[in-house]
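S.K.: structure.pdb (PDB, C-alpha atoms) pasted underneath:
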ATOM      1  CA  MET A   4      15.096   6.951 -41.538
ATOM      2  CA  LEU A   5      11.868   7.139 -39.516
ATOM      3  CA  LYS A   6       9.060   8.974 -41.266
ATOM      4  CA  THR A   7       5.553   9.953 -40.325
ATOM      5  CA  PRO A   8       2.804   8.693 -42.640
ATOM      6  CA  GLU A   9       0.760  11.861 -42.172
ATOM      7  CA  SER A  10       3.524  14.271 -43.137
ATOM      8  CA  ASN A  11       3.825  13.535 -46.871
ATOM      9  CA  GLN A  12       6.835  11.354 -46.130
ATOM     10  CA  LYS A  13       8.853  14.160 -44.589
ATOM     11  CA  PRO A  14      11.587  12.884 -42.240
ATOM     12  CA  LEU A  15      10.473  12.754 -38.608
ATOM     13  CA  TRP A  16      13.296  15.036 -37.503
ATOM     14  CA  LEU A  17      12.187  17.685 -39.986
ATOM     15  CA  VAL A  18       8.609  17.577 -38.695
ATOM     16  CA  ILE A  19       9.933  17.929 -35.121
ATOM     17  CA  VAL A  20      11.980  20.955 -36.229
ATOM     18  CA  ARG A  21       8.704  22.504 -37.370
ATOM     19  CA  LEU A  22       7.073  21.570 -34.072
ATOM     20  CA  LEU A  23       9.878  23.378 -32.224
ATOM     21  CA  ARG A  24       9.528  26.334 -34.664
ATOM     22  CA  TRP A  25      13.235  26.237 -35.409
ATOM     23  CA  HIS A  26      12.340  26.961 -39.031
ATOM     24  CA  LYS A  27      11.100  30.341 -37.736
ATOM     25  CA  PRO A  28      14.017  31.542 -35.586
ATOM     26  CA  GLU A  29      12.514  34.962 -34.826
ATOM     27  CA  GLY A  30      10.298  33.536 -32.100
ATOM     28  CA  ARG A  31      13.286  31.826 -30.465
ATOM     29  CA  LEU A  32      15.543  34.871 -30.702
ATOM     30  CA  ILE A  33      13.002  37.293 -29.271
ATOM     31  CA  LEU A  34      12.967  35.360 -25.962
ATOM     32  CA  MET A  35      16.749  35.261 -25.920
ATOM     33  CA  ILE A  36      17.041  39.048 -26.311
ATOM     34  CA  PRO A  37      15.784  40.193 -22.857
ATOM     35  CA  ALA A  38      17.817  37.407 -21.224
ATOM     36  CA  LEU A  39      20.932  38.766 -22.955
ATOM     37  CA  TRP A  40      19.976  42.350 -22.054
ATOM     38  CA  ALA A  41      19.923  41.280 -18.414
ATOM     39  CA  VAL A  42      23.123  39.252 -18.328
ATOM     40  CA  PHE A  43      25.185  41.961 -20.062
ATOM     41  CA  LEU A  44      23.766  44.861 -18.051
ATOM     42  CA  ALA A  45      24.158  42.997 -14.753
ATOM     43  CA  ALA A  46      27.784  42.179 -15.588
ATOM     44  CA  ALA A  47      28.597  45.706 -16.839
ATOM     45  CA  GLY A  48      29.072  44.392 -20.367
ATOM     46  CA  LYS A  49      31.457  41.563 -19.471
ATOM     47  CA  PRO A  50      29.557  38.458 -18.335
ATOM     48  CA  PRO A  51      31.377  35.094 -18.085
ATOM     49  CA  LEU A  52      31.180  33.387 -21.467
ATOM     50  CA  PRO A  53      30.045  30.027 -20.001
ATOM     51  CA  LEU A  54      27.100  31.814 -18.387
ATOM     52  CA  VAL A  55      26.193  33.471 -21.692
ATOM     53  CA  GLY A  56      26.251  30.023 -23.292
ATOM     54  CA  VAL A  57      23.950  28.631 -20.612
ATOM     55  CA  ILE A  58      21.561  31.572 -21.050
ATOM     56  CA  VAL A  59      21.460  31.137 -24.839
ATOM     57  CA  LEU A  60      20.906  27.375 -24.682
ATOM     58  CA  GLY A  61      18.444  27.750 -21.818
ATOM     59  CA  THR A  62      16.251  30.186 -23.722
ATOM     60  CA  LEU A  63      16.306  27.920 -26.783
ATOM     61  CA  ALA A  64      15.273  24.897 -24.715
ATOM     62  CA  THR A  65      12.621  26.837 -22.812
ATOM     63  CA  SER A  66      11.068  28.411 -25.889
ATOM     64  CA  ALA A  67      11.074  25.001 -27.604
ATOM     65  CA  ALA A  68       9.200  23.485 -24.656
ATOM     66  CA  GLY A  69       6.791  26.417 -24.653
ATOM     67  CA  CYS A  70       6.012  25.944 -28.342
ATOM     68  CA  VAL A  71       5.259  22.242 -27.927
ATOM     69  CA  VAL A  72       3.110  22.798 -24.820
ATOM     70  CA  ASN A  73       1.198  25.515 -26.673
ATOM     71  CA  ASP A  74       0.595  23.228 -29.657
ATOM     72  CA  LEU A  75      -0.548  20.372 -27.402
ATOM     73  CA  TRP A  76      -3.114  22.695 -25.783
ATOM     74  CA  ASP A  77      -4.236  24.060 -29.161
ATOM     75  CA  ARG A  78      -4.100  20.930 -31.320
ATOM     76  CA  ASN A  79      -7.875  21.088 -31.916
ATOM     77  CA  ILE A  80      -7.992  24.881 -32.266
ATOM     78  CA  ASP A  81      -5.029  25.475 -34.572
ATOM     79  CA  PRO A  82      -6.676  23.696 -37.550
ATOM     80  CA  GLN A  83      -9.362  26.414 -37.472
ATOM     81  CA  VAL A  84      -6.841  29.280 -37.711
ATOM     82  CA  GLU A  85      -5.303  30.106 -41.067
ATOM     83  CA  ARG A  86      -1.858  30.943 -39.623
ATOM     84  CA  THR A  87      -1.571  27.777 -37.519
ATOM     85  CA  ARG A  88      -3.451  25.055 -39.386
ATOM     86  CA  ASP A  89      -0.256  23.508 -40.813
ATOM     87  CA  ARG A  90       1.483  23.034 -37.454
ATOM     88  CA  PRO A  91       2.505  19.371 -37.006
ATOM     89  CA  LEU A  92       0.090  18.561 -34.166
ATOM     90  CA  ALA A  93      -2.741  20.517 -35.759
ATOM     91  CA  SER A  94      -2.302  18.777 -39.123
ATOM     92  CA  ARG A  95      -1.785  15.409 -37.356
ATOM     93  CA  ALA A  96       1.675  15.097 -38.912
ATOM     94  CA  LEU A  97       2.802  14.165 -35.389
ATOM     95  CA  SER A  98       0.959  12.249 -32.699
ATOM     96  CA  ILE A  99       0.164  13.611 -29.239
ATOM     97  CA  LYS A 100       2.535  11.002 -27.785
ATOM     98  CA  VAL A 101       5.459  12.310 -29.845
ATOM     99  CA  GLY A 102       4.577  15.881 -28.873
ATOM    100  CA  ILE A 103       4.606  14.991 -25.171
ATOM    101  CA  VAL A 104       7.984  13.257 -25.515
ATOM    102  CA  VAL A 105       9.484  16.279 -27.305
ATOM    103  CA  ALA A 106       8.107  18.602 -24.613
ATOM    104  CA  ILE A 107       9.593  16.470 -21.830
ATOM    105  CA  VAL A 108      12.990  16.318 -23.549
ATOM    106  CA  SER A 109      12.993  20.103 -24.073
ATOM    107  CA  MET A 110      12.088  20.770 -20.443
ATOM    108  CA  ALA A 111      14.699  18.263 -19.277
ATOM    109  CA  CYS A 112      17.373  20.105 -21.280
ATOM    110  CA  ALA A 113      16.312  23.406 -19.716
ATOM    111  CA  ALA A 114      16.361  21.803 -16.240
ATOM    112  CA  VAL A 115      19.893  20.471 -16.710
ATOM    113  CA  LEU A 116      21.089  23.933 -17.717
ATOM    114  CA  ALA A 117      19.317  25.493 -14.724
ATOM    115  CA  PHE A 118      21.473  23.419 -12.361
ATOM    116  CA  TYR A 119      24.445  25.496 -13.546
ATOM    117  CA  LEU A 120      22.855  28.602 -12.008
ATOM    118  CA  ASN A 121      22.971  29.858  -8.418
ATOM    119  CA  PRO A 122      20.085  28.930  -6.061
ATOM    120  CA  LEU A 123      18.106  32.159  -6.615
ATOM    121  CA  SER A 124      18.268  31.832 -10.402
ATOM    122  CA  PHE A 125      17.469  28.125 -10.203
ATOM    123  CA  TRP A 126      14.304  28.678  -8.168
ATOM    124  CA  LEU A 127      13.248  31.525 -10.433
ATOM    125  CA  SER A 128      13.575  29.038 -13.290
ATOM    126  CA  VAL A 129      11.326  26.641 -11.400
ATOM    127  CA  ALA A 130       8.812  29.432 -10.732
ATOM    128  CA  ALA A 131       8.652  30.200 -14.465
ATOM    129  CA  VAL A 132       7.512  26.676 -15.379
ATOM    130  CA  PRO A 133       3.848  26.995 -14.274
ATOM    131  CA  VAL A 134       3.517  30.288 -16.155
ATOM    132  CA  ILE A 135       4.874  28.682 -19.324
ATOM    133  CA  LEU A 136       2.611  25.635 -18.961
ATOM    134  CA  LEU A 137      -0.538  27.641 -18.205
ATOM    135  CA  TYR A 138      -0.176  30.385 -20.843
ATOM    136  CA  PRO A 139      -1.988  28.412 -23.576
ATOM    137  CA  GLY A 140      -4.894  27.833 -21.207
ATOM    138  CA  ALA A 141      -5.066  31.532 -20.417
ATOM    139  CA  LYS A 142      -6.342  32.160 -23.942
ATOM    140  CA  ARG A 143      -9.516  30.352 -22.960
ATOM    141  CA  VAL A 144     -10.306  32.140 -19.692
ATOM    142  CA  PHE A 145      -8.287  35.377 -19.407
ATOM    143  CA  PRO A 146      -9.124  38.439 -21.537
ATOM    144  CA  ILE A 147      -5.466  39.473 -22.048
ATOM    145  CA  PRO A 148      -3.478  36.221 -22.343
ATOM    146  CA  GLN A 149      -0.557  38.156 -23.818
ATOM    147  CA  LEU A 150       0.023  39.505 -20.296
ATOM    148  CA  VAL A 151       0.657  35.955 -19.078
ATOM    149  CA  LEU A 152       3.112  35.445 -21.932
ATOM    150  CA  SER A 153       4.788  38.754 -21.077
ATOM    151  CA  ILE A 154       5.271  37.690 -17.465
ATOM    152  CA  ALA A 155       6.804  34.431 -18.708
ATOM    153  CA  TRP A 156       9.157  36.516 -20.885
ATOM    154  CA  GLY A 157       9.995  38.638 -17.837
ATOM    155  CA  PHE A 158      11.361  35.609 -16.010
ATOM    156  CA  ALA A 159      14.196  35.578 -18.562
ATOM    157  CA  VAL A 160      15.325  38.935 -17.129
ATOM    158  CA  LEU A 161      15.031  37.893 -13.482
ATOM    159  CA  ILE A 162      16.845  34.590 -14.028
ATOM    160  CA  SER A 163      19.662  36.076 -16.098
ATOM    161  CA  TRP A 164      20.271  39.137 -13.902
ATOM    162  CA  SER A 165      20.310  37.126 -10.682
ATOM    163  CA  ALA A 166      22.633  34.596 -12.322
ATOM    164  CA  VAL A 167      25.255  37.368 -12.362
ATOM    165  CA  THR A 168      24.533  39.296  -9.155
ATOM    166  CA  GLN A 169      22.591  36.772  -7.008
ATOM    167  CA  THR A 170      20.198  39.645  -6.209
ATOM    168  CA  LEU A 171      17.197  41.427  -7.735
ATOM    169  CA  SER A 172      17.897  45.163  -7.572
ATOM    170  CA  LEU A 173      15.929  48.169  -8.869
ATOM    171  CA  PRO A 174      17.491  48.024 -12.369
ATOM    172  CA  THR A 175      16.439  44.352 -12.563
ATOM    173  CA  TRP A 176      12.804  45.224 -11.979
ATOM    174  CA  LEU A 177      12.958  48.170 -14.371
ATOM    175  CA  LEU A 178      14.293  45.859 -17.082
ATOM    176  CA  TRP A 179      11.625  43.316 -16.159
ATOM    177  CA  GLY A 180       8.962  46.004 -16.591
ATOM    178  CA  ALA A 181      10.437  47.106 -19.918
ATOM    179  CA  THR A 182      10.436  43.498 -21.123
ATOM    180  CA  VAL A 183       6.839  42.900 -20.047
ATOM    181  CA  LEU A 184       5.645  46.064 -21.815
ATOM    182  CA  TRP A 185       7.716  45.379 -24.931
ATOM    183  CA  THR A 186       6.341  41.830 -25.107
ATOM    184  CA  LEU A 187       2.777  43.098 -24.642
ATOM    185  CA  GLY A 188       3.430  45.475 -27.525
ATOM    186  CA  PHE A 189       4.911  43.128 -30.100
ATOM    187  CA  ASP A 190       2.665  40.169 -29.190
ATOM    188  CA  THR A 191      -0.464  42.310 -29.475
ATOM    189  CA  VAL A 192       0.786  43.284 -32.936
ATOM    190  CA  TYR A 193       1.208  39.587 -33.727
ATOM    191  CA  ALA A 194      -2.278  38.785 -32.389
ATOM    192  CA  MET A 195      -3.865  41.332 -34.705
ATOM    193  CA  SER A 196      -3.390  38.974 -37.648
ATOM    194  CA  ASP A 197      -5.574  36.337 -35.939
ATOM    195  CA  ARG A 198      -8.419  38.585 -34.783
ATOM    196  CA  GLU A 199     -11.116  37.227 -37.082
ATOM    197  CA  ASP A 200     -10.251  33.574 -36.450
ATOM    198  CA  ASP A 201      -9.953  34.123 -32.680
ATOM    199  CA  ARG A 202     -13.301  35.922 -32.545
ATOM    200  CA  ARG A 203     -14.994  33.135 -34.508
ATOM    201  CA  ILE A 204     -13.523  30.372 -32.329
ATOM    202  CA  GLY A 205     -14.004  32.232 -29.056
ATOM    203  CA  ILE A 206     -10.338  32.578 -28.088
ATOM    204  CA  ASN A 207      -9.198  35.618 -26.114
ATOM    205  CA  SER A 208      -6.378  37.939 -27.152
ATOM    206  CA  SER A 209      -5.171  41.418 -26.313
ATOM    207  CA  ALA A 210      -5.918  42.453 -29.906
ATOM    208  CA  LEU A 211      -9.582  41.573 -29.369
ATOM    209  CA  PHE A 212      -9.683  43.006 -25.836
ATOM    210  CA  PHE A 213      -8.452  46.435 -26.935
ATOM    211  CA  GLY A 214     -10.407  46.279 -30.192
ATOM    212  CA  LYS A 215     -10.169  49.474 -32.225
ATOM    213  CA  TYR A 216      -7.908  50.917 -29.529
ATOM    214  CA  ALA A 217      -5.266  48.195 -30.030
ATOM    215  CA  PRO A 218      -2.893  50.561 -31.915
ATOM    216  CA  VAL A 219      -3.187  53.073 -29.040
ATOM    217  CA  ALA A 220      -2.517  50.351 -26.454
ATOM    218  CA  ILE A 221       0.527  49.150 -28.412
ATOM    219  CA  ALA A 222       1.853  52.724 -28.597
ATOM    220  CA  ILE A 223       1.441  53.037 -24.811
ATOM    221  CA  PHE A 224       3.269  49.728 -24.233
ATOM    222  CA  PHE A 225       6.161  50.825 -26.437
ATOM    223  CA  ALA A 226       6.254  54.265 -24.779
ATOM    224  CA  GLY A 227       6.453  52.592 -21.370
ATOM    225  CA  THR A 228       9.297  50.428 -22.636
ATOM    226  CA  ILE A 229      11.202  53.531 -23.760
ATOM    227  CA  LEU A 230      10.671  55.289 -20.418
ATOM    228  CA  LEU A 231      11.858  52.296 -18.381
ATOM    229  CA  LEU A 232      14.905  51.750 -20.617
ATOM    230  CA  THR A 233      15.704  55.448 -20.234
ATOM    231  CA  TRP A 234      15.531  55.093 -16.445
ATOM    232  CA  ILE A 235      17.868  52.088 -16.604
ATOM    233  CA  GLY A 236      20.315  54.003 -18.782
ATOM    234  CA  VAL A 237      20.432  56.848 -16.260
ATOM    235  CA  LEU A 238      20.767  54.563 -13.237
ATOM    236  CA  LEU A 239      23.546  52.497 -14.784
ATOM    237  CA  GLN A 240      25.206  55.554 -16.350
ATOM    238  CA  LEU A 241      25.312  53.948 -19.779
ATOM    239  CA  HIS A 242      27.410  55.692 -22.409
ATOM    240  CA  GLN A 243      26.443  57.491 -25.612
ATOM    241  CA  VAL A 244      26.064  54.430 -27.855
ATOM    242  CA  PHE A 245      23.185  53.133 -25.733
ATOM    243  CA  TRP A 246      21.298  56.397 -26.151
ATOM    244  CA  ILE A 247      21.788  56.291 -29.914
ATOM    245  CA  THR A 248      20.372  52.767 -30.109
ATOM    246  CA  LEU A 249      17.478  53.706 -27.821
ATOM    247  CA  LEU A 250      16.690  56.601 -30.168
ATOM    248  CA  ILE A 251      16.727  54.192 -33.144
ATOM    249  CA  ALA A 252      14.416  51.794 -31.284
ATOM    250  CA  SER A 253      12.094  54.650 -30.306
ATOM    251  CA  ILE A 254      11.809  55.838 -33.900
ATOM    252  CA  ALA A 255      11.060  52.273 -35.040
ATOM    253  CA  TRP A 256       8.352  51.816 -32.405
ATOM    254  CA  ILE A 257       6.783  55.195 -33.221
ATOM    255  CA  TRP A 258       6.756  54.263 -36.909
ATOM    256  CA  GLN A 259       5.111  50.913 -36.132
ATOM    257  CA  SER A 260       2.507  52.572 -33.906
ATOM    258  CA  LEU A 261       1.606  55.061 -36.622
ATOM    259  CA  ARG A 262       1.461  52.364 -39.288
ATOM    260  CA  LEU A 263      -0.919  50.281 -37.164
ATOM    261  CA  ARG A 264      -3.429  53.138 -37.252
ATOM    262  CA  GLN A 265      -3.914  52.602 -40.985
ATOM    263  CA  PRO A 266      -7.169  50.756 -41.746
ATOM    264  CA  GLN A 267      -7.201  47.238 -43.220
ATOM    265  CA  LEU A 268      -3.516  46.387 -43.151
ATOM    266  CA  PRO A 269      -2.765  43.051 -44.869
ATOM    267  CA  ASN A 270      -2.233  40.262 -42.325
ATOM    268  CA  PRO A 271       1.408  39.605 -43.358
ATOM    269  CA  VAL A 272       2.296  43.142 -42.198
ATOM    270  CA  TYR A 273       1.735  42.156 -38.560
ATOM    271  CA  GLY A 274       4.210  39.294 -38.841
ATOM    272  CA  GLU A 275       6.648  41.656 -40.532
ATOM    273  CA  MET A 276       6.396  44.083 -37.590
ATOM    274  CA  PHE A 277       6.932  41.229 -35.151
ATOM    275  CA  ARG A 278      10.159  40.279 -36.953
ATOM    276  CA  GLN A 279      11.279  43.912 -36.927
ATOM    277  CA  ASN A 280      11.142  43.806 -33.139
ATOM    278  CA  VAL A 281      13.789  41.084 -33.173
ATOM    279  CA  TRP A 282      16.183  43.468 -34.895
ATOM    280  CA  ILE A 283      15.155  46.313 -32.593
ATOM    281  CA  GLY A 284      15.989  44.098 -29.625
ATOM    282  CA  PHE A 285      19.405  43.206 -30.973
ATOM    283  CA  ILE A 286      20.178  46.849 -31.773
ATOM    284  CA  LEU A 287      19.385  47.703 -28.159
ATOM    285  CA  LEU A 288      21.534  44.792 -26.964
ATOM    286  CA  ALA A 289      24.493  46.155 -28.926
ATOM    287  CA  GLY A 290      23.876  49.576 -27.409
ATOM    288  CA  MET A 291      23.708  48.141 -23.889
ATOM    289  CA  ILE A 292      26.971  46.253 -24.309
ATOM    290  CA  ALA A 293      28.761  49.249 -25.810
ATOM    291  CA  GLY A 294      27.161  51.579 -23.271
ATOM    292  CA  CYS A 295      28.596  49.564 -20.390
ATOM    293  CA  LEU A 296      32.193  49.484 -21.650
TER     294      LEU A 296
END
Show me, as structure tokens, the structure contained in the file I just sent.
M.R.:
Amino acid sequence: MLKTPESNQKPLWLVIVRLLRWHKPEGRLILMIPALWAVFLAAAGKPPLPLVGVIVLGTLATSAAGCVVNDLWDRNIDPQVERTRDRPLASRALSIKVGIVVAIVSMACAAVLAFYLNPLSFWLSVAAVPVILLYPGAKRVFPIPQLVLSIAWGFAVLISWSAVTQTLSLPTWLLWGATVLWTLGFDTVYAMSDREDDRRIGINSSALFFGKYAPVAIAIFFAGTILLLTWIGVLLQLHQVFWITLLIASIAWIWQSLRLRQPQLPNPVYGEMFRQNVWIGFILLAGMIAGCL
């Protein structure tokens, strides 16, 4: 079996799994969640199963490509950040050439899946590519790079909803807005663990931009998410189960916002809150499906 000399003799495939972050599924699932929100809401809880399969595989391929592109951009920065210094490209466990090949293969897989979609969804998929490719660079020039990431996340809603309806209606844009705000919230939480390293290196982040007001900004993002999801629930006349799950999500986000106001939280807490948002997203997905039926 092929092995990389720089990776302590770990099998090449295992190092690539780490490059794709498949050993940390939360980051893959959290992109899939808004795409599934959209496809189930657009189809009134009963989307075609082949389309759901395409959406699931498409988000996995897209997030994999995004991870590799990010690590290629940051291969000389990640070694200076405690959380990222062991990534395969940062630690030189993989070469740049291998990283580029993996990125191309991931994007090719996503492109093949996109051909299954209708023309509107296909071209929205194409439009998402520059945002995904440029996000890592935004950290160097844009004060709130998490906004660029959030817009990339929002494409998952537009692509999935239009894949069902072939249109972009008001509920689509409300769900897009909720996804953008939710992503701004949980990714600012995630960025809080890297504040000292980012400040030292000179990398931008929303956590640094908002500074001591970051917990307030996160609370506002989550509040906006709740308001937009409420509006969607009213417009689509979702049933009681959705409102129960939205209440659960609201309580969780309020609890996180209050906890973030505590001084000197240990860095692992921010990652823990990020992972909690995965479960919050799936709880809401269950409520949306049940609320449609």
S.K.: To box segment 116-129 of chain A, take all atoms listed in the file, fit an axis-aligned box, add 5 Å on each side, and give centre and edge lengths in Å to one decimal, as JSON.
M.R.:
{"center_x": 17.9, "center_y": 27.8, "center_z": -11.9, "size_x": 23.1, "size_y": 18.7, "size_z": 21.7}
S.K.: Using atom CA of Leu136 of chain A and atom CA of Leu34 of chain A as the two end points, give the distance in Å to one decimal.
M.R.: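 These two atoms are separated by 15.8 Å.
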S.K.: Fewer than 4 positions away in the same chain doesn't count, so skip those; otherwise give me all residues within 8 Å of Thr191 of chain A, counting only C-alpha atoms, as a list in words.
M.R.: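 The residues that qualify are Gln149, Leu187, Met195, Ser208, Ser209, Ala210, Ala217 and Ile221 of chain A.
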S.K.: Let me know the residues the PyMOL selection byres ((chain A and resi 181) around 8) catches in the file above, as a list of chain:residue names.
M.R.: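 Matching residues under the PyMOL selection byres ((chain A and resi 181) around 8) are A:Leu177, A:Leu178, A:Trp179, A:Gly180, A:Thr182, A:Val183, A:Leu184, A:Trp185, A:Gly227, A:Thr228, A:Ile229, A:Leu231, A:Leu232.
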S.K.: For the PyMOL selection byres ((chain A and resi 212) around 12), applied here, can you spell out every residue it catches as a VMD selection string?
M.R.: chain A and resid 142 145 to 150 191 194 to 195 198 201 to 202 206 to 211 213 to 218 220
S.K.: Next, the residues of the selection above should be written as a CSV table (one decimal), in the coordinates of the input with C-alpha atoms.
M.R.:
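Writing the result to part-v2.csv gives the following:
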chain,number,residue,atom,x,y,z
A,142,LYS,CA,-6.3,32.2,-23.9
A,145,PHE,CA,-8.3,35.4,-19.4
A,146,PRO,CA,-9.1,38.4,-21.5
A,147,ILE,CA,-5.5,39.5,-22.0
A,148,PRO,CA,-3.5,36.2,-22.3
A,149,GLN,CA,-0.6,38.2,-23.8
A,150,LEU,CA,0.0,39.5,-20.3
A,191,THR,CA,-0.5,42.3,-29.5
A,194,ALA,CA,-2.3,38.8,-32.4
A,195,MET,CA,-3.9,41.3,-34.7
A,198,ARG,CA,-8.4,38.6,-34.8
A,201,ASP,CA,-10.0,34.1,-32.7
A,202,ARG,CA,-13.3,35.9,-32.5
A,206,ILE,CA,-10.3,32.6,-28.1
A,207,ASN,CA,-9.2,35.6,-26.1
A,208,SER,CA,-6.4,37.9,-27.2
A,209,SER,CA,-5.2,41.4,-26.3
A,210,ALA,CA,-5.9,42.5,-29.9
A,211,LEU,CA,-9.6,41.6,-29.4
A,213,PHE,CA,-8.5,46.4,-26.9
A,214,GLY,CA,-10.4,46.3,-30.2
A,215,LYS,CA,-10.2,49.5,-32.2
A,216,TYR,CA,-7.9,50.9,-29.5
A,217,ALA,CA,-5.3,48.2,-30.0
A,218,PRO,CA,-2.9,50.6,-31.9
A,220,ALA,CA,-2.5,50.4,-26.5
S.K.: For Leu249 of chain A, which of A:Ile99, A:Leu17, A:Met291, A:Val132 is the closest residue, counting all atoms listed in the file?
M.R.: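 The shortest atom-to-atom distance to Leu249 of chain A comes from A:Met291.
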S.K.: What separation in Å, quoted to one decimal, exists between atom CA of Val18 of chain A and atom CA of Ser94 of chain A?
M.R.: 11.0 Å
S.K.: Using only C-alpha atoms, which of A:Thr186, A:Ser153, A:Asn280, A:Gln240 sits nearest Pro174 of chain A?
M.R.: A:Gln240
S.K.: Need the shell around segment 79-88 of chain A: protein/DNA/RNA residues with any atom at most 9 Å away, counting only C-alpha atoms. Skip same-chain ones fewer than 3 positions apart. Format as a list in words?
M.R.: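 Those residues are Asp74, Leu75, Trp76, Pro91, Leu92, Ala93, Ser94, Ser196, Asp197, Asp200, Asp201 and Ile204 of chain A.
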S.K.: Which one of A:Ile19, A:Leu60, A:Leu261, A:Leu54 sits closest to Leu32 of chain A if you count only C-alpha atoms?
M.R.: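 Among the listed residues, A:Leu60 lies closest to Leu32 of chain A.
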S.K.: Closest to Gly274 of chain A among A:Val59, A:Leu137, A:Val72, A:Val192, using all atoms listed in the file?
M.R.: A:Val192
